[in-house]
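*Asks:* File model16.csv below, CSV, N, CA and C atoms:
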chain,number,residue,atom,x,y,z
A,1,GLN,N,0.8,-1.2,0.0
A,1,GLN,CA,0.0,0.0,0.0
A,1,GLN,C,0.9,1.2,0.0
A,2,VAL,N,0.3,2.4,-0.3
A,2,VAL,CA,1.0,3.6,-0.3
A,2,VAL,C,1.4,4.0,1.1
A,3,GLN,N,2.7,4.4,1.2
A,3,GLN,CA,3.2,4.9,2.5
A,3,GLN,C,4.0,6.2,2.2
A,4,LEU,N,3.7,7.2,3.1
A,4,LEU,CA,4.4,8.5,3.0
A,4,LEU,C,5.0,8.8,4.3
A,5,VAL,N,6.3,9.0,4.4
A,5,VAL,CA,6.9,9.3,5.7
A,5,VAL,C,7.7,10.6,5.6
A,6,GLU,N,7.2,11.6,6.4
A,6,GLU,CA,7.8,12.9,6.4
A,6,GLU,C,8.9,12.9,7.5
A,7,SER,N,9.9,13.8,7.2
A,7,SER,CA,10.9,14.0,8.2
A,7,SER,C,11.5,15.4,8.0
A,8,GLY,N,12.3,15.9,8.9
A,8,GLY,CA,13.0,17.2,8.8
A,8,GLY,C,12.4,18.3,9.6
A,9,GLY,N,11.3,18.1,10.2
A,9,GLY,CA,10.7,19.2,11.0
A,9,GLY,C,11.6,19.5,12.3
A,10,GLY,N,11.2,20.5,13.0
A,10,GLY,CA,11.9,20.9,14.2
A,10,GLY,C,11.6,22.3,14.7
A,11,LEU,N,12.4,22.7,15.6
A,11,LEU,CA,12.3,24.1,16.1
A,11,LEU,C,13.4,25.0,15.4
A,12,VAL,N,12.9,26.1,14.9
A,12,VAL,CA,13.8,27.0,14.2
A,12,VAL,C,13.5,28.4,14.6
A,13,GLN,N,14.5,29.3,14.6
A,13,GLN,CA,14.3,30.7,15.0
A,13,GLN,C,13.7,31.4,13.8
A,14,PRO,N,12.9,32.5,14.0
A,14,PRO,CA,12.4,33.3,12.9
A,14,PRO,C,13.6,33.7,12.0
A,15,GLY,N,13.3,33.6,10.7
A,15,GLY,CA,14.3,33.9,9.7
A,15,GLY,C,15.1,32.7,9.3
A,16,GLY,N,15.0,31.6,10.0
A,16,GLY,CA,15.8,30.4,9.7
A,16,GLY,C,15.2,29.6,8.6
A,17,SER,N,15.8,28.5,8.3
A,17,SER,CA,15.5,27.6,7.2
A,17,SER,C,15.3,26.1,7.7
A,18,LEU,N,14.5,25.4,7.0
A,18,LEU,CA,14.4,23.9,7.2
A,18,LEU,C,14.1,23.3,5.9
A,19,ARG,N,14.5,22.0,5.7
A,19,ARG,CA,14.2,21.2,4.6
A,19,ARG,C,13.4,20.0,5.0
A,20,LEU,N,12.2,19.9,4.6
A,20,LEU,CA,11.4,18.7,4.9
A,20,LEU,C,11.5,17.7,3.7
A,21,SER,N,11.4,16.4,4.1
A,21,SER,CA,11.5,15.3,3.1
A,21,SER,C,10.3,14.4,3.3
A,22,CYS,N,9.8,13.8,2.2
A,22,CYS,CA,8.8,12.8,2.3
A,22,CYS,C,9.2,11.6,1.5
A,23,ALA,N,9.4,10.5,2.1
A,23,ALA,CA,9.8,9.3,1.4
A,23,ALA,C,8.5,8.5,1.1
A,24,ALA,N,8.4,8.2,-0.2
A,24,ALA,CA,7.1,7.6,-0.7
A,24,ALA,C,7.4,6.1,-1.1
A,25,SER,N,6.5,5.3,-0.9
A,25,SER,CA,6.6,3.9,-1.3
A,25,SER,C,5.2,3.4,-1.7
A,26,GLY,N,5.2,2.3,-2.5
A,26,GLY,CA,3.9,1.7,-2.8
A,26,GLY,C,3.2,2.3,-4.0
A,27,LEU,N,3.9,3.2,-4.7
A,27,LEU,CA,3.3,3.9,-5.9
A,27,LEU,C,4.4,4.2,-6.9
A,28,ILE,N,4.0,4.4,-8.1
A,28,ILE,CA,5.0,4.8,-9.1
A,28,ILE,C,5.2,6.3,-8.9
A,29,PHE,N,6.1,6.7,-8.1
A,29,PHE,CA,6.2,8.1,-7.6
A,29,PHE,C,6.3,9.1,-8.7
A,30,SER,N,7.0,8.8,-9.7
A,30,SER,CA,7.3,9.8,-10.8
A,30,SER,C,6.0,10.1,-11.5
A,31,SER,N,5.0,9.3,-11.4
A,31,SER,CA,3.7,9.5,-12.2
A,31,SER,C,2.7,10.4,-11.5
A,32,TYR,N,3.0,10.8,-10.2
A,32,TYR,CA,1.9,11.4,-9.4
A,32,TYR,C,2.2,12.9,-9.1
A,33,VAL,N,1.2,13.7,-9.1
A,33,VAL,CA,1.2,15.0,-8.5
A,33,VAL,C,1.4,14.7,-7.0
A,34,MET,N,2.3,15.6,-6.4
A,34,MET,CA,2.5,15.5,-4.9
A,34,MET,C,2.3,16.9,-4.3
A,35,ASP,N,1.8,16.9,-3.1
A,35,ASP,CA,1.5,18.1,-2.4
A,35,ASP,C,2.2,18.1,-1.0
A,36,TRP,N,2.4,19.3,-0.6
A,36,TRP,CA,2.7,19.6,0.9
A,36,TRP,C,1.5,20.4,1.4
A,37,TYR,N,0.9,20.0,2.5
A,37,TYR,CA,-0.1,20.7,3.2
A,37,TYR,C,0.5,21.0,4.6
A,38,ARG,N,-0.2,21.9,5.3
A,38,ARG,CA,0.1,22.2,6.7
A,38,ARG,C,-1.2,22.5,7.5
A,39,GLN,N,-1.1,22.2,8.8
A,39,GLN,CA,-2.2,22.5,9.7
A,39,GLN,C,-1.7,23.1,10.9
A,40,ALA,N,-2.1,24.4,11.2
A,40,ALA,CA,-1.7,25.1,12.4
A,40,ALA,C,-2.8,24.8,13.5
A,41,PRO,N,-2.4,25.0,14.7
A,41,PRO,CA,-3.4,24.7,15.8
A,41,PRO,C,-4.7,25.6,15.6
A,42,GLY,N,-5.8,25.0,15.7
A,42,GLY,CA,-7.1,25.7,15.5
A,42,GLY,C,-7.4,26.1,14.1
A,43,LYS,N,-6.7,25.7,13.2
A,43,LYS,CA,-6.9,26.1,11.8
A,43,LYS,C,-7.1,24.9,10.9
A,44,GLN,N,-7.7,25.2,9.7
A,44,GLN,CA,-7.9,24.1,8.7
A,44,GLN,C,-6.6,23.8,8.0
A,45,ARG,N,-6.5,22.5,7.6
A,45,ARG,CA,-5.4,22.1,6.8
A,45,ARG,C,-5.4,22.9,5.5
A,46,GLU,N,-4.2,23.4,5.1
A,46,GLU,CA,-4.2,24.2,3.9
A,46,GLU,C,-3.1,23.7,2.9
A,47,LEU,N,-3.3,23.8,1.7
A,47,LEU,CA,-2.3,23.4,0.6
A,47,LEU,C,-1.2,24.5,0.6
A,48,VAL,N,0.0,24.0,0.7
A,48,VAL,CA,1.2,24.9,0.7
A,48,VAL,C,1.8,24.9,-0.6
A,49,ALA,N,2.0,23.8,-1.2
A,49,ALA,CA,2.7,23.7,-2.5
A,49,ALA,C,2.4,22.4,-3.2
A,50,ARG,N,2.4,22.4,-4.5
A,50,ARG,CA,2.1,21.3,-5.3
A,50,ARG,C,3.2,21.2,-6.4
A,51,ILE,N,3.5,19.9,-6.8
A,51,ILE,CA,4.4,19.7,-7.9
A,51,ILE,C,3.8,18.6,-8.8
A,52,THR,N,3.8,18.8,-10.1
A,52,THR,CA,3.3,17.8,-11.0
A,52,THR,C,4.3,16.8,-11.3
A,53,SER,N,3.9,15.8,-12.1
A,53,SER,CA,4.8,14.7,-12.5
A,53,SER,C,5.9,15.3,-13.5
A,54,GLY,N,5.5,16.4,-14.1
A,54,GLY,CA,6.5,17.1,-15.0
A,54,GLY,C,7.2,18.2,-14.3
A,55,SER,N,7.1,18.3,-13.0
A,55,SER,CA,7.8,19.2,-12.1
A,55,SER,C,7.3,20.7,-12.3
A,56,SER,N,6.1,20.9,-12.8
A,56,SER,CA,5.5,22.2,-12.7
A,56,SER,C,5.1,22.4,-11.2
A,57,THR,N,5.2,23.6,-10.7
A,57,THR,CA,5.0,23.9,-9.3
A,57,THR,C,3.9,25.0,-9.1
A,58,MET,N,3.3,25.0,-8.0
A,58,MET,CA,2.4,26.1,-7.6
A,58,MET,C,2.5,26.2,-6.1
A,59,TYR,N,2.3,27.5,-5.6
A,59,TYR,CA,2.5,27.8,-4.2
A,59,TYR,C,1.3,28.6,-3.6
A,60,ALA,N,1.0,28.4,-2.4
A,60,ALA,CA,0.1,29.3,-1.7
A,60,ALA,C,0.8,30.7,-1.7
A,61,ASP,N,0.0,31.8,-1.7
A,61,ASP,CA,0.5,33.1,-1.7
A,61,ASP,C,1.3,33.4,-0.5
A,62,SER,N,1.0,32.8,0.6
A,62,SER,CA,1.7,33.0,1.9
A,62,SER,C,3.1,32.5,1.9
A,63,VAL,N,3.4,31.6,1.0
A,63,VAL,CA,4.8,31.0,1.0
A,63,VAL,C,5.6,31.3,-0.2
A,64,LYS,N,4.9,31.9,-1.2
A,64,LYS,CA,5.6,32.2,-2.5
A,64,LYS,C,6.8,33.0,-2.3
A,65,GLY,N,7.9,32.6,-2.9
A,65,GLY,CA,9.2,33.3,-2.8
A,65,GLY,C,10.0,32.8,-1.6
A,66,ARG,N,9.4,32.1,-0.7
A,66,ARG,CA,10.2,31.6,0.5
A,66,ARG,C,10.3,30.1,0.5
A,67,PHE,N,9.3,29.4,0.0
A,67,PHE,CA,9.4,27.9,0.0
A,67,PHE,C,9.6,27.4,-1.4
A,68,THR,N,10.3,26.3,-1.5
A,68,THR,CA,10.5,25.6,-2.8
A,68,THR,C,10.2,24.1,-2.7
A,69,ILE,N,9.2,23.6,-3.5
A,69,ILE,CA,8.9,22.2,-3.6
A,69,ILE,C,9.7,21.6,-4.7
A,70,SER,N,10.2,20.4,-4.5
A,70,SER,CA,11.0,19.7,-5.5
A,70,SER,C,10.8,18.2,-5.3
A,71,ARG,N,11.2,17.4,-6.3
A,71,ARG,CA,11.1,16.0,-6.2
A,71,ARG,C,12.4,15.3,-6.7
A,72,ALA,N,12.7,14.1,-6.1
A,72,ALA,CA,13.8,13.3,-6.7
A,72,ALA,C,13.2,12.0,-7.0
A,73,ASN,N,12.8,11.8,-8.2
A,73,ASN,CA,12.1,10.6,-8.6
A,73,ASN,C,12.9,9.3,-8.4
A,74,ALA,N,14.2,9.4,-8.6
A,74,ALA,CA,15.1,8.3,-8.5
A,74,ALA,C,15.1,7.8,-7.0
A,75,LYS,N,14.8,8.7,-6.1
A,75,LYS,CA,14.8,8.4,-4.7
A,75,LYS,C,13.4,8.3,-4.1
A,76,ASN,N,12.4,8.4,-4.9
A,76,ASN,CA,11.0,8.4,-4.5
A,76,ASN,C,10.8,9.4,-3.3
A,77,THR,N,11.3,10.6,-3.4
A,77,THR,CA,11.3,11.5,-2.3
A,77,THR,C,10.9,12.9,-2.8
A,78,LEU,N,10.0,13.5,-2.0
A,78,LEU,CA,9.5,14.8,-2.2
A,78,LEU,C,10.2,15.7,-1.1
A,79,TYR,N,10.5,17.0,-1.5
A,79,TYR,CA,11.1,17.9,-0.6
A,79,TYR,C,10.3,19.2,-0.5
A,80,LEU,N,10.5,19.9,0.6
A,80,LEU,CA,10.0,21.3,0.8
A,80,LEU,C,11.1,22.1,1.4
A,81,GLU,N,11.8,22.9,0.7
A,81,GLU,CA,12.8,23.8,1.2
A,81,GLU,C,12.1,25.1,1.7
A,82,MET,N,12.3,25.4,3.0
A,82,MET,CA,11.6,26.5,3.6
A,82,MET,C,12.6,27.5,4.1
A,83,ASN,N,12.5,28.7,3.6
A,83,ASN,CA,13.4,29.8,4.0
A,83,ASN,C,12.7,31.0,4.6
A,84,SER,N,13.4,31.9,5.3
A,84,SER,CA,12.8,33.1,5.9
A,84,SER,C,11.5,32.7,6.7
A,85,LEU,N,11.7,31.7,7.5
A,85,LEU,CA,10.5,31.2,8.3
A,85,LEU,C,10.1,32.2,9.3
A,86,ALA,N,8.8,32.2,9.5
A,86,ALA,CA,8.1,33.1,10.4
A,86,ALA,C,7.3,32.4,11.4
A,87,PRO,N,6.9,33.0,12.5
A,87,PRO,CA,6.1,32.2,13.5
A,87,PRO,C,4.8,31.7,12.9
A,88,GLU,N,4.2,32.4,11.9
A,88,GLU,CA,3.0,32.0,11.3
A,88,GLU,C,3.2,30.7,10.5
A,89,ASP,N,4.4,30.3,10.2
A,89,ASP,CA,4.6,29.1,9.5
A,89,ASP,C,4.6,27.8,10.4
A,90,THR,N,4.4,28.1,11.7
A,90,THR,CA,4.3,27.0,12.7
A,90,THR,C,3.1,26.1,12.4
A,91,ALA,N,3.3,24.8,12.2
A,91,ALA,CA,2.3,23.9,11.8
A,91,ALA,C,2.8,22.5,11.8
A,92,VAL,N,1.9,21.6,11.6
A,92,VAL,CA,2.3,20.2,11.2
A,92,VAL,C,2.2,20.2,9.7
A,93,TYR,N,3.3,19.7,9.1
A,93,TYR,CA,3.4,19.7,7.6
A,93,TYR,C,3.2,18.2,7.2
A,94,TYR,N,2.3,18.1,6.2
A,94,TYR,CA,1.9,16.8,5.7
A,94,TYR,C,2.3,16.6,4.2
A,95,CYS,N,2.7,15.5,3.8
A,95,CYS,CA,2.9,15.1,2.4
A,95,CYS,C,1.6,14.4,2.0
A,96,HIS,N,1.2,14.7,0.7
A,96,HIS,CA,-0.1,14.2,0.3
A,96,HIS,C,0.0,13.8,-1.2
A,97,VAL,N,-0.7,12.7,-1.5
A,97,VAL,CA,-0.8,12.3,-2.9
A,97,VAL,C,-2.3,12.4,-3.2
A,98,PRO,N,-2.7,13.4,-4.1
A,98,PRO,CA,-4.1,13.6,-4.4
A,98,PRO,C,-4.6,12.5,-5.3
A,99,GLN,N,-5.7,11.9,-4.9
A,99,GLN,CA,-6.4,10.9,-5.8
A,99,GLN,C,-7.9,11.0,-5.5
A,100,PRO,N,-8.7,10.5,-6.5
A,100,PRO,CA,-10.1,10.5,-6.2
A,100,PRO,C,-10.4,9.7,-4.9
A,101,GLY,N,-11.3,10.3,-4.1
A,101,GLY,CA,-11.6,9.6,-2.9
A,101,GLY,C,-10.8,10.1,-1.7
A,102,GLY,N,-9.9,11.0,-1.9
A,102,GLY,CA,-9.1,11.6,-0.8
A,102,GLY,C,-7.6,11.5,-0.9
A,103,GLY,N,-7.1,10.5,-1.5
A,103,GLY,CA,-5.7,10.3,-1.6
A,103,GLY,C,-5.1,9.7,-0.4
A,104,HIS,N,-3.7,10.0,-0.3
A,104,HIS,CA,-3.0,9.4,0.8
A,104,HIS,C,-2.2,10.5,1.5
A,105,TRP,N,-2.1,10.3,2.9
A,105,TRP,CA,-1.4,11.3,3.7
A,105,TRP,C,-0.3,10.6,4.5
A,106,GLY,N,0.7,11.4,4.8
A,106,GLY,CA,1.7,10.9,5.7
A,106,GLY,C,1.3,11.3,7.1
A,107,GLN,N,2.1,11.0,8.1
A,107,GLN,CA,1.8,11.2,9.5
A,107,GLN,C,2.0,12.6,10.0
A,108,GLY,N,2.8,13.4,9.2
A,108,GLY,CA,3.1,14.8,9.5
A,108,GLY,C,4.4,14.9,10.2
A,109,THR,N,5.0,16.1,10.1
A,109,THR,CA,6.2,16.5,10.8
A,109,THR,C,6.0,17.9,11.4
A,110,GLN,N,6.3,18.1,12.6
A,110,GLN,CA,6.0,19.4,13.3
A,110,GLN,C,7.1,20.4,13.0
A,111,VAL,N,6.7,21.6,12.6
A,111,VAL,CA,7.6,22.7,12.4
A,111,VAL,C,7.2,23.8,13.3
A,112,THR,N,8.1,24.2,14.2
A,112,THR,CA,7.9,25.3,15.1
A,112,THR,C,8.9,26.4,14.9
A,113,VAL,N,8.4,27.6,14.7
A,113,VAL,CA,9.2,28.8,14.4
A,113,VAL,C,9.0,29.7,15.6
A,114,SER,N,10.1,29.8,16.4
A,114,SER,CA,10.0,30.6,17.6
A,114,SER,C,11.4,31.0,18.1
A,115,SER,N,11.4,32.2,18.8
A,115,SER,CA,12.7,32.6,19.3
A,115,SER,C,12.8,32.2,20.8
Can you present the structure in this file as C-alpha cells?
*Replies:*
Amino acid sequence: QVQLVESGGGLVQPGGSLRLSCAASGLIFSSYVMDWYRQAPGKQRELVARITSGSSTMYADSVKGRFTISRANAKNTLYLEMNSLAPEDTAVYYCHVPQPGGGHWGQGTQVTVSS
C-alpha cells in the first residue's frame, strides 16, 4: 500500500530555514502529483505547494518566494525547502498524494518557528 513518511521538522528561529522530506513507497512516484499541506493549531489544513509529474509547481500566496517544492524521482522523495521562516509558519506539515476519494497522507512533521 502507499506509505508516505515525512521528516526534517523541528524548532527553528524566525528567519531560519528547514528542509522537509517525504519518502514515498507503494506507488510509481514519478507519475503522481505531490502536495505539501500544513495545519496550524485551531486552523484548517491548507495546501502549501504542489508539484506535478512534470515538475511544474504552484504555491500558496503566503509562502511564495520563500518555499520551494521539489522531487527526486530516483529516490521516491519529495522535498520542501523553507526559508525566511516566520512564527505563522508553525504547523504540522503533511505530504499528500491527491487521488479520487481523498488520496494518501503521511503522519506529518512538526515545524515550530519561535525565538
*Asks:* Which polymer residues have any atom within 5 Å of an atom of Ala40 (chain A), counting only N, CA and C atoms, with same-chain residues fewer than 3 positions away left out, as a ChimeraX atom specification?
*Replies:* /A:43,90-92
*Asks:* Which is closer to Val113 (chain A) than all the others in A:Leu27, A:Ala86, A:Val48, A:Ala72, using all atoms listed in the file?
*Replies:* A:Ala86
*Asks:* DSSP says strand (DSSP E or B) for which residues of chain A? Put them as a PyMOL selection string?
*Replies:* chain A and resi 3-7+10-12+18-25+34-39+46-51+57-59+67-72+77-82+91-97+104-105+109-113
*Asks:* Can you work out the spacing between atom C of Ser114 (chain A) and atom C of Met34 (chain A) in Å, to one decimal?
*Replies:*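 Going from atom C of Ser114 (chain A) over to atom C of Met34 (chain A) covers 28.0 Å.
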*Asks:* Taking only C-alpha atoms into account, name the residue in A:Ala49, A:Val33, A:Gln3, A:Pro14 that is nearest to Val97 (chain A).
*Replies:* A:Val33
*Asks:* Could you tell me how far CA of Ser56 (chain A) lies from CA of Thr112 (chain A), in Å and to one decimal?
*Replies:*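 A separation of 28.1 Å between them.
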*Asks:* Neighbouring residues of Gly106 (chain A) were defined as those with any atom within 6.5 Å, considering all atoms listed in the file; residues of the same chain fewer than 4 positions away were excluded. Please report them as a ChimeraX atom specification.
*Replies:* /A:3-6,94-96
*Asks:* Tell me which protein, DNA and RNA residues are within 5 Å of Gly15 (chain A), counting all atoms listed in the file, leaving out same-chain ones fewer than 2 positions away, and put them as a VMD selection string.
*Replies:* chain A and resid 13 17 84 to 86
*Asks:* Could you name the residues that touch region 52-55 of chain A at 7 Å or less, counting only N, CA and C atoms, but leaving out those on the same chain fewer than 4 positions away, as a compact mmCIF listing (two decimals) with N, CA and C atoms, keeping the file's coordinate frame?
*Replies:*
# COMPACT_ATOMS: atom_id res chain seq x y z
N PHE A 29 6.10 6.70 -8.10
CA PHE A 29 6.20 8.10 -7.60
C PHE A 29 6.30 9.10 -8.70
N SER A 30 7.00 8.80 -9.70
CA SER A 30 7.30 9.80 -10.80
C SER A 30 6.00 10.10 -11.50
N SER A 31 5.00 9.30 -11.40
CA SER A 31 3.70 9.50 -12.20
C SER A 31 2.70 10.40 -11.50
N TYR A 32 3.00 10.80 -10.20
CA TYR A 32 1.90 11.40 -9.40
C TYR A 32 2.20 12.90 -9.10
N VAL A 33 1.20 13.70 -9.10
CA VAL A 33 1.20 15.00 -8.50
C VAL A 33 1.40 14.70 -7.00
N MET A 34 2.30 15.60 -6.40
CA MET A 34 2.50 15.50 -4.90
C MET A 34 2.30 16.90 -4.30
N ARG A 71 11.20 17.40 -6.30
CA ARG A 71 11.10 16.00 -6.20
C ARG A 71 12.40 15.30 -6.70
*Asks:* Out of A:Cys22, A:Ala74, A:Ile69, A:Val111, which residue has the shortest atom-to-atom distance to Ile51 (chain A) when counting only C-alpha atoms?
*Replies:*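 That would be A:Ile69, the residue with the smallest distance to Ile51 (chain A).
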